[in-house]
Every structure is written in structure tokens, then in C-alpha cells.
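Undergrad: mmCIF, C-alpha atoms, saved as input_7.cif, coming up:
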data_model
#
loop_
_atom_site.label_atom_id
_atom_site.label_comp_id
_atom_site.auth_asym_id
_atom_site.auth_seq_id
_atom_site.Cartn_x
_atom_site.Cartn_y
_atom_site.Cartn_z
CA MET A 1 4.77 25.93 1.32
CA THR A 2 1.72 23.81 0.59
CA VAL A 3 1.63 20.62 -1.45
CA SER A 4 -0.90 21.81 -4.01
CA GLN A 5 0.52 22.13 -7.52
CA SER A 6 -0.78 25.66 -7.99
CA ASN A 7 1.20 26.95 -5.02
CA TYR A 8 4.60 25.62 -6.09
CA SER A 9 6.76 28.68 -6.33
CA LEU A 10 10.18 27.02 -6.33
CA ARG A 11 11.41 23.70 -7.65
CA TYR A 12 14.53 21.88 -6.66
CA LEU A 13 16.75 19.44 -8.54
CA ALA A 14 19.19 16.81 -7.29
CA LEU A 15 22.21 15.22 -8.97
CA THR A 16 23.92 11.99 -7.99
CA ILE A 17 27.66 11.65 -8.43
CA HIS A 18 29.78 8.90 -6.99
CA ASP A 19 33.49 9.49 -7.35
CA LYS A 20 36.04 11.44 -9.34
CA THR A 21 37.49 8.50 -11.26
CA HIS A 22 37.23 8.57 -15.02
CA ILE A 23 35.68 5.59 -16.73
CA SER A 24 38.63 5.39 -19.10
CA ASP A 25 40.90 4.54 -16.16
CA ALA A 26 39.22 1.16 -15.91
CA PHE A 27 40.61 0.17 -19.31
CA PRO A 28 44.32 1.01 -19.23
CA ASP A 29 45.37 -1.33 -22.01
CA ALA A 30 42.96 -1.98 -24.92
CA PHE A 31 41.29 0.77 -26.94
CA ARG A 32 39.80 2.78 -24.09
CA ILE A 33 36.11 3.47 -23.91
CA SER A 34 36.88 7.14 -23.43
CA GLN A 35 38.65 7.10 -26.79
CA VAL A 36 35.62 5.58 -28.45
CA TYR A 37 32.48 7.01 -26.88
CA PRO A 38 33.11 8.91 -23.65
CA TYR A 39 29.70 10.40 -24.20
CA TRP A 40 28.64 7.47 -22.03
CA ARG A 41 30.33 9.35 -19.22
CA GLN A 42 28.48 12.49 -20.19
CA VAL A 43 25.20 10.63 -20.14
CA ALA A 44 26.02 9.44 -16.66
CA HIS A 45 27.20 12.83 -15.44
CA GLY A 46 25.53 15.37 -17.66
CA ILE A 47 22.08 13.84 -17.48
CA PRO A 48 22.05 11.84 -14.29
CA ARG A 49 18.94 10.51 -12.60
CA LEU A 50 16.53 13.31 -11.93
CA LEU A 51 13.95 13.53 -9.20
CA TRP A 52 11.39 16.26 -8.76
CA SER A 53 9.69 16.67 -5.43
CA ARG A 54 6.48 17.70 -3.70
CA GLN A 55 8.42 20.64 -2.39
CA LEU A 56 9.41 20.87 -6.02
CA ARG A 57 12.88 19.50 -5.59
CA VAL A 58 14.35 17.68 -8.57
CA THR A 59 16.98 15.00 -8.02
CA ILE A 60 19.53 13.93 -10.61
CA HIS A 61 21.33 10.66 -9.98
CA SER A 62 24.34 9.34 -11.91
CA ARG A 63 26.47 6.28 -11.34
CA GLY A 64 30.04 6.83 -12.45
CA SER A 65 32.66 9.54 -12.16
CA ALA A 66 31.86 13.08 -11.10
CA GLU A 67 32.16 16.05 -13.38
CA ALA A 68 33.04 19.26 -11.57
CA ASP A 69 30.36 21.34 -13.28
CA GLY A 70 27.56 18.95 -12.35
CA GLY A 71 26.47 18.27 -15.91
CA SER A 72 24.41 19.81 -18.63
CA VAL A 73 21.03 19.11 -17.04
CA VAL A 74 22.06 20.87 -13.85
CA ASP A 75 23.36 23.79 -15.91
CA ALA A 76 20.11 24.02 -17.84
CA LEU A 77 17.90 23.79 -14.77
CA LEU A 78 19.87 26.40 -12.88
CA LYS A 79 19.75 28.71 -15.88
CA ASP A 80 16.04 28.17 -16.33
CA GLY A 81 15.41 29.10 -12.70
CA THR A 82 12.30 26.97 -12.24
CA PHE A 83 14.20 24.27 -10.36
CA VAL A 84 16.99 24.20 -7.81
CA PRO A 85 19.08 21.02 -8.12
CA ARG A 86 19.83 18.41 -5.47
CA ALA A 87 22.83 16.14 -6.05
CA ILE A 88 23.08 12.58 -4.76
CA THR A 89 26.69 11.56 -4.31
CA ARG A 90 28.78 8.94 -2.54
CA ASP A 91 30.92 11.70 -1.10
CA PRO A 92 29.10 14.94 -0.24
CA ASP A 93 32.41 16.43 0.92
CA SER A 94 34.30 15.90 -2.35
CA ASP A 95 35.63 18.86 -4.32
CA ALA A 96 33.02 18.24 -7.02
CA SER A 97 30.26 18.26 -4.41
CA LYS A 98 31.54 21.48 -2.91
CA LYS A 99 31.52 23.14 -6.31
CA LEU A 100 27.93 22.06 -6.81
CA LYS A 101 26.97 23.44 -3.41
CA ALA A 102 28.59 26.74 -4.31
CA ARG A 103 26.30 26.96 -7.32
CA GLY A 104 23.20 26.47 -5.21
CA VAL A 105 22.81 22.72 -5.64
CA GLU A 106 21.66 20.62 -2.68
CA VAL A 107 24.05 17.70 -2.10
CA VAL A 108 23.02 14.52 -0.27
CA LYS A 109 24.56 11.07 0.10
CA GLY A 110 23.24 8.11 -1.91
CA ASP A 111 24.02 5.37 -4.43
CA SER A 112 21.97 3.54 -7.05
CA GLY A 113 23.19 0.23 -5.64
CA ASP A 114 21.65 1.01 -2.23
CA LYS A 115 17.85 1.24 -2.40
CA THR A 116 17.44 2.16 1.28
CA GLY A 117 19.86 5.05 0.90
CA LEU A 118 18.12 6.15 -2.28
CA VAL A 119 14.78 6.38 -0.48
CA ARG A 120 16.32 8.79 2.03
CA ALA A 121 17.97 10.77 -0.76
CA LEU A 122 14.78 11.06 -2.78
CA LYS A 123 12.46 12.09 0.02
CA GLY A 124 10.82 15.38 -0.88
CA SER A 125 11.46 15.02 -4.60
CA GLU A 126 8.60 15.24 -7.03
CA GLY A 127 10.40 14.02 -10.16
CA VAL A 128 13.26 11.74 -11.18
CA PHE A 129 15.38 11.73 -14.30
CA ALA A 130 17.33 8.48 -14.34
CA VAL A 131 20.42 7.50 -16.31
CA THR A 132 22.30 4.33 -15.44
CA LEU A 133 25.72 3.11 -16.53
CA PRO A 134 26.59 -0.52 -17.42
CA PRO A 135 29.26 -2.15 -15.24
CA PHE A 136 31.88 -2.17 -18.04
CA PHE A 137 31.64 1.62 -18.26
CA GLN A 138 31.84 2.24 -14.52
CA ALA A 139 35.06 3.58 -13.07
CA SER A 140 35.93 0.33 -11.31
CA GLY A 141 35.06 -1.85 -14.30
CA HIS A 142 32.39 -3.62 -12.27
CA GLY A 143 29.35 -2.82 -10.17
CA PRO A 144 25.61 -3.39 -10.05
CA SER A 145 23.90 -4.13 -13.35
CA GLU A 146 21.69 -1.52 -14.96
CA LEU A 147 18.70 -3.71 -14.14
CA VAL A 148 19.61 -3.56 -10.44
CA GLN A 149 20.34 0.17 -10.57
CA GLY A 150 17.19 1.00 -12.49
CA THR A 151 14.78 -1.09 -10.43
CA ASN A 152 16.33 0.28 -7.23
CA ILE A 153 15.69 3.82 -8.40
CA VAL A 154 12.12 3.02 -9.43
CA ASP A 155 11.37 1.29 -6.11
CA ALA A 156 12.99 4.07 -4.10
CA ALA A 157 11.16 6.75 -6.06
CA LYS A 158 7.83 5.07 -5.45
CA GLU A 159 8.51 4.62 -1.73
CA ALA A 160 9.73 8.21 -1.42
CA GLY A 161 6.52 9.56 -2.94
CA VAL A 162 8.02 10.77 -6.21
CA ARG A 163 5.29 11.84 -8.61
CA PHE A 164 7.05 11.86 -12.01
CA PHE A 165 9.87 9.67 -13.36
CA ILE A 166 11.87 10.25 -16.55
CA TRP A 167 13.87 7.24 -17.74
CA SER A 168 16.69 7.53 -20.28
CA ILE A 169 17.10 4.54 -22.59
CA PHE A 170 18.91 3.50 -25.76
CA LYS A 171 16.70 1.77 -28.29
CA LEU A 172 17.74 -1.62 -29.73
CA SER A 173 15.42 -4.07 -31.43
CA GLY A 174 15.30 -7.61 -32.78
CA GLY A 175 17.36 -9.52 -30.21
CA LYS A 176 20.15 -10.08 -32.75
CA TYR A 177 22.90 -8.44 -30.73
CA THR A 178 22.93 -10.61 -27.63
CA ASN A 179 26.04 -9.08 -26.09
CA ALA A 180 24.56 -5.57 -25.93
CA VAL A 181 23.07 -6.42 -22.55
CA HIS A 182 22.95 -2.78 -21.45
CA TYR A 183 20.19 -2.24 -24.01
CA ASP A 184 18.19 -5.24 -22.81
CA GLU A 185 18.51 -4.20 -19.17
CA LYS A 186 17.43 -0.63 -19.88
CA ALA A 187 14.40 -1.99 -21.74
CA ALA A 188 13.59 -4.28 -18.78
CA VAL A 189 13.72 -1.28 -16.43
CA GLN A 190 11.36 0.60 -18.73
CA GLU A 191 8.86 -2.28 -18.46
CA TYR A 192 9.34 -2.35 -14.67
CA LEU A 193 8.71 1.39 -14.51
CA ALA A 194 5.55 1.06 -16.59
CA ALA A 195 4.24 -1.57 -14.16
CA SER A 196 5.15 0.49 -11.07
CA GLY A 197 2.19 2.86 -11.26
CA LEU A 198 4.48 5.91 -11.30
CA ILE A 199 3.63 8.64 -13.76
CA HIS A 200 6.53 8.44 -16.19
CA ALA A 201 8.01 9.17 -19.60
CA SER A 202 11.10 7.83 -21.38
CA LEU A 203 13.72 9.58 -23.48
CA HIS A 204 15.34 7.51 -26.26
CA LEU A 205 18.81 8.75 -27.09
CA PRO A 206 20.87 8.14 -30.27
CA GLY A 207 24.60 8.77 -30.86
CA PHE A 208 26.11 11.77 -29.12
CA LEU A 209 27.58 14.54 -31.23
CA GLU A 210 29.99 15.43 -28.42
CA SER A 211 31.78 12.12 -28.99
CA ILE A 212 33.46 13.68 -32.04
CA TYR A 213 35.73 15.76 -29.83
CA GLN A 214 35.38 14.07 -26.44
CA ASN A 215 36.59 10.77 -27.88
CA GLN A 216 39.07 12.48 -30.18
CA LEU A 217 37.50 10.89 -33.22
CA LEU A 218 38.34 14.06 -35.13
CA LYS A 219 42.03 14.97 -34.97
CA LYS A 220 44.21 17.66 -36.41
CA ALA A 221 46.69 16.49 -39.04
CA ASP A 222 49.66 18.11 -40.77
CA SER A 223 47.27 19.35 -43.41
CA GLY A 224 43.70 19.62 -42.22
CA PHE A 225 41.99 16.94 -40.14
CA THR A 226 41.38 13.20 -40.01
CA MET A 227 38.41 11.23 -38.71
CA SER A 228 38.41 7.75 -37.14
CA TRP A 229 35.02 6.07 -36.85
CA PRO A 230 34.72 3.12 -34.44
CA VAL A 231 32.88 0.35 -36.37
CA PHE A 232 30.97 2.84 -38.56
CA LYS A 233 31.72 3.34 -42.24
CA GLU A 234 31.28 6.65 -44.02
CA ALA A 235 28.07 5.57 -45.72
CA ASP A 236 26.45 4.38 -42.47
CA ILE A 237 23.56 6.49 -41.26
CA GLU A 238 23.24 7.44 -37.60
CA ALA A 239 20.81 9.50 -35.57
CA TRP A 240 22.60 12.12 -33.47
CA VAL A 241 21.79 14.22 -30.44
CA TRP A 242 23.52 17.31 -29.11
CA VAL A 243 23.34 15.89 -25.63
CA SER A 244 24.33 18.95 -23.64
CA ARG A 245 21.79 21.14 -25.43
CA ASP A 246 18.81 19.06 -26.53
CA VAL A 247 18.57 16.48 -23.72
CA PRO A 248 18.26 19.10 -20.95
CA ALA A 249 15.70 20.94 -23.08
CA ALA A 250 13.67 17.74 -23.39
CA VAL A 251 13.88 17.11 -19.64
CA LEU A 252 12.65 20.61 -18.90
CA ALA A 253 9.81 20.30 -21.38
CA LEU A 254 8.59 17.09 -19.72
CA LEU A 255 8.94 18.45 -16.18
CA LYS A 256 6.97 21.56 -16.99
CA ASN A 257 4.19 19.78 -18.85
CA TYR A 258 3.61 16.44 -17.10
CA PRO A 259 1.03 17.81 -14.59
CA ASP A 260 -1.30 18.67 -17.49
CA PRO A 261 -3.23 15.46 -18.37
CA SER A 262 -4.18 16.91 -21.75
CA LYS A 263 -0.51 16.59 -22.79
CA GLN A 264 -0.79 12.77 -22.45
CA ILE A 265 2.83 12.42 -21.33
CA ASN A 266 2.36 9.45 -18.97
CA GLY A 267 3.83 6.25 -20.42
CA LYS A 268 5.05 7.92 -23.59
CA THR A 269 8.47 7.56 -25.22
CA TYR A 270 10.22 10.58 -26.75
CA PRO A 271 13.22 10.07 -29.06
CA VAL A 272 15.54 13.08 -28.82
CA VAL A 273 17.16 13.46 -32.25
CA THR A 274 19.02 16.57 -33.39
CA GLY A 275 19.61 15.11 -36.86
CA THR A 276 19.88 11.84 -38.81
CA VAL A 277 22.63 11.78 -41.44
CA SER A 278 25.40 9.57 -42.74
CA CYS A 279 28.86 9.74 -41.24
CA ALA A 280 30.04 11.25 -44.52
CA LYS A 281 27.41 14.00 -44.32
CA LEU A 282 28.34 14.75 -40.72
CA MET A 283 31.96 15.17 -41.78
CA GLU A 284 30.84 17.46 -44.60
CA LEU A 285 29.08 19.66 -42.04
CA ALA A 286 32.22 19.61 -39.89
CA SER A 287 34.46 20.57 -42.81
CA ASN A 288 32.12 23.44 -43.72
CA ALA A 289 32.34 24.81 -40.18
CA LEU A 290 36.11 24.32 -40.01
CA GLU A 291 36.66 25.60 -43.57
CA CYS A 292 39.22 22.87 -44.09
CA GLY A 293 38.13 20.99 -47.18
CA GLU A 294 37.38 17.27 -47.27
CA ILE A 295 38.15 15.31 -44.11
CA PRO A 296 39.52 11.80 -44.81
CA ALA A 297 38.03 9.06 -42.62
CA THR A 298 39.01 5.57 -41.52
CA THR A 299 37.12 2.83 -39.70
CA ILE A 300 38.38 1.27 -36.46
CA PRO A 301 37.15 -2.35 -36.66
CA SER A 302 36.62 -2.78 -32.93
CA THR A 303 36.42 -0.71 -29.77
CA GLY A 304 37.83 -3.58 -27.72
CA VAL A 305 34.51 -4.05 -25.93
CA VAL A 306 32.12 -6.59 -27.50
CA ALA A 307 28.99 -4.95 -26.12
CA MET A 308 30.07 -1.61 -27.53
CA ASP A 309 30.86 -3.13 -30.94
CA GLU A 310 27.46 -4.77 -31.12
CA MET A 311 25.73 -1.55 -30.15
CA LEU A 312 27.43 0.33 -32.98
CA LYS A 313 26.76 -2.49 -35.46
CA ALA A 314 23.07 -2.36 -34.55
CA HIS A 315 22.99 1.39 -35.09
CA ALA A 316 24.68 0.98 -38.49
CA GLU A 317 22.38 -1.86 -39.56
CA HIS A 318 19.19 -0.03 -38.58
CA LYS A 319 20.32 3.38 -39.89
CA GLY A 320 20.48 5.00 -36.48
CA LEU A 321 17.38 3.27 -35.05
CA PHE A 322 15.22 6.40 -35.32
CA GLN A 323 14.31 6.57 -39.02
CA ASP A 324 10.63 7.01 -38.14
CA THR A 325 11.26 9.96 -35.82
CA PRO A 326 10.63 13.38 -37.41
CA VAL A 327 13.41 15.93 -37.01
CA PRO A 328 12.63 17.86 -34.94
CA ASN A 329 10.41 15.54 -32.92
CA SER A 330 6.95 17.11 -33.17
CA ASP A 331 5.83 15.56 -29.87
CA LEU A 332 8.54 17.45 -27.98
CA VAL A 333 8.04 20.61 -30.04
CA ALA A 334 4.38 20.51 -28.97
CA LEU A 335 5.60 20.68 -25.36
CA GLY A 336 7.51 23.87 -26.11
CA MET A 337 10.95 22.39 -26.73
CA LYS A 338 13.21 24.17 -29.19
CA PHE A 339 15.64 21.80 -30.90
CA SER A 340 19.14 22.66 -32.01
CA THR A 341 20.55 21.78 -35.45
CA LEU A 342 23.62 19.87 -36.58
CA GLU A 343 24.95 23.06 -38.15
CA GLN A 344 24.61 24.93 -34.85
CA PHE A 345 26.53 22.19 -33.07
CA MET A 346 29.37 22.42 -35.57
CA GLU A 347 29.63 26.20 -35.25
CA THR A 348 29.12 26.41 -31.48
CA GLU A 349 30.84 23.30 -30.12
CA LEU A 350 33.17 21.87 -32.76
CA LYS A 351 34.69 24.92 -34.45
CA PRO A 352 35.98 26.65 -31.29
CA ARG A 353 37.73 23.44 -30.22
CA TYR A 354 39.65 22.96 -33.46
CA THR A 355 40.39 26.48 -34.67
#
Once more with this new file: its structure as C-alpha cells, please.
TA:
Amino acid sequence: MTVSQSNYSLRYLALTIHDKTHISDAFPDAFRISQVYPYWRQVAHGIPRLLWSRQLRVTIHSRGSAEADGGSVVDALLKDGTFVPRAITRDPDSDASKKLKARGVEVVKGDSGDKTGLVRALKGSEGVFAVTLPPFFQASGHGPSELVQGTNIVDAAKEAGVRFFIWSIFKLSGGKYTNAVHYDEKAAVQEYLAASGLIHASLHLPGFLESIYQNQLLKKADSGFTMSWPVFKEADIEAWVWVSRDVPAAVLALLKNYPDPSKQINGKTYPVVTGTVSCAKLMELASNALECGEIPATTIPSTGVVAMDEMLKAHAEHKGLFQDTPVPNSDLVALGMKFSTLEQFMETELKPRYT
């Protein structure tokens, strides 16, 4: 197989997983993260760091616990058929790794805290999709900062000859919320990536719709259902993404279009927003799908993690942070991406889990 773009007939993807511990296990006492927003775990596992190679391999790397199915991006890429995934994991012989191998995923050893190992793992990859996890969400409760993880991946990608880098980031502005360091560090990595010379794009992600059921925010009651919002009030507006559907679609759109300079993808940021509505409106959509009538809601004052509380307060204050982003995002639509809707999420994901 030659290196010229026109002769690429097969593309490969790689996913990094590190262990089988759940992030929630690191917080046995207080209000567990997994009970508040375990979508952080899905970000880490479902859309790990992605690398795409000269042999058209794509590598996905995730720091945190391993999900047996390899995540939504792997699922989407395998289904699409353009790419074959490669997984980077601390333990290539784990059960999760074996399941990935059985699905046709390459599995190699690596870790975002070890730049030298990452270089070896990324050799032959043309693209990278990177998602990092802050130490307080990692299985052990500690680990390298997102700044260390992110800069390691950028450096390793550049040394390994990676040609395209997708960085996943959560947008926070103003400097008011000083304890939400994971936002600041992600932003610092984005600046580092921009200065690296790598062709790159960034995905900005809002709140995850999957948190409704993954974090058990919505629960069955004796008569109908109840909803418990961490920090948010019913009138607060949030931007939402169906992470397992729309994030992989955005990744694929960028991977397939970045070689075309007329698309002007290099250095651009793409918010991925399925819908922007109030918490009350989201519950109205849920009640319509569940045919259960009005769903009463309460607010949990704190998640037990200051950084998490500040993140949610910032989202509430700034009405989801993505008020200026059209829904669907026309920049991604122009690349051929087809967005889902909030109503589709309720019918496809929420309703089967509660009825």
C-alpha cells in the first residue's frame, strides 16, 4: 500500500483503554460521580483519543476504565467500514481487549502518561481523536493532569508522524470558576495543539443526554417518574449532545473531509449540539416519550466535587455555553454530518430503558 492519499483503500482506528475499574469506585462515600454525570466515563471510553494513520489506521485513546464494547466511536467506525480501529490499552490481554480484538480492532499497549510508549502506539496512524479525563474522575482518584495527558498525546502524535488531530474540549469562559481546572487544562492543550503545527480540529461538547439514565437522574416512582438535577434548576438552559450518536458522526465527518483544503477544517472548532433547551423542556420531551404525564423535579445542591459543581454552575449561568451555535451546526452539516434530535433520543434511548 502506498502513502499517497488517493491510494488509501483501508483505514484503521485505535482505541486506548487502561483498566476495568469504574470511576465511581474512587468515590465510595460522598455523592458518587457516576451518580451525577457518568457521561464523563463515556467520554473517556466512548470517544477516546483517536489517531488516523498513513496506512490509514485510526487510534482512539482513553484514560480511565474500559468498556467492553469499546465505545461509541469504535462502533460507528466499524459500522461505517472506512476505518479499522486500533485500541491503546494498559493491558492488551484483558477481557475487554480480547473482545475488541474479536471485533476486528487492533490492540496495542500504551498510556497517556507515558509519551515514549504513546509514540510507539501511534506509529502508523494518520489521525488522532483525543479525550482526556481529569484526575478526580480517574479510577484511582489520581493520575496525570489533563495538561500532561494532552501535551503528551500531541507530542507523541507529532513524533509518530500523525497527520490529523481531533481534540475534544469542554468550553468555559470568563475565568470566574477557578476550581473547574479541567476546563482550563483542556483549553491549554488546545493552544498547545494549535502551536504544534499539526493539522487539527476541536470538538466542543455540552451536557450529555445519556447522563439522564446513566447517572440515574430519572427514576421510576410509585406513580410515574421523578427527576433529580445536580445543581441545575428546572428553568436553567443547557446545551445537550447525544454523545453516542452525534459525536461519532462528527468525528467521521472530520476524518473524511480534512484532506480537502477547501473545507478549511484546520484549526477550526466545532460545537456538537443536539439541542439547547431548559431542563423543564427536556423533561417535557421525556414525559411525552414515556407517556407518563408531568415529571416532578428536584435540585441536588452539590455533587460532592467542587470542580463538578462549578462546571454545572457555569453551564447554568451561561445558558449551556453554546447559545450562538445553530442547531444543527451548519459547519458540520456542510461536511455531510446528519444530526439527531432530542425527540429521537427520547424515543430510541430513554423510552426502552424505562418502559
Undergrad: Please evaluate the PyMOL selection byres ((chain A and resi 229) around 6) against the displayed coordinates and give the resulting residues as number ranges by chain.
TA: A: 228, 230, 232, 299-300
Undergrad: Using the chain letters and numbering of this document, enumerate as a PyMOL selection string the residues selected by the PyMOL selection byres ((chain A and resi 176-180) around 12).
TA: chain A and resi 134+136+170-175+181-187+305-315+317-318
Undergrad: Evaluate the PyMOL selection byres ((chain A and resi 248-250) around 8) on the structure here and hand back the selected residues as a count of residues only.
TA: 19
Undergrad: So which residues touch segment 100-106 of chain A within 6 Å, counting all atoms listed in the file, skipping near sequence neighbours fewer than 4 positions away, as a VMD selection string?
TA: chain A and resid 85 to 87
Undergrad: Measure the distance from atom CA of Gly143 of chain A to atom CA of Leu122 of chain A in Å and round it to one decimal.
TA: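 We find that atom CA of Gly143 of chain A and atom CA of Leu122 of chain A lie 21.4 Å from each other.
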Undergrad: Quick check, in Å to one decimal: how far apart do atom CA of Trp167 of chain A and atom CA of Pro271 of chain A lie?
TA: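 Between these atoms lies a distance of 11.7 Å.
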Undergrad: Using all atoms listed in the file, pick whichever of A:Thr116, A:Glu159, A:Gly71, A:Gly81 has the shortest atom-to-atom distance to Lys99 of chain A.
TA: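 Looking only at the distances to Lys99 of chain A, the closest residue turns out to be A:Gly71.
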Undergrad: Between A:Lys268, A:Lys109, A:Lys219, A:Lys233, single out the one closest to Lys281 of chain A, counting only C-alpha atoms.
TA: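 Answer, going by the shortest atom-to-atom distance: A:Lys233.
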Undergrad: To one decimal place in Å, what is the distance between atom CA of Ala188 of chain A and atom CA of Phe164 of chain A?
TA: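 According to the coordinates, atom CA of Ala188 of chain A and atom CA of Phe164 of chain A are separated by 18.7 Å.
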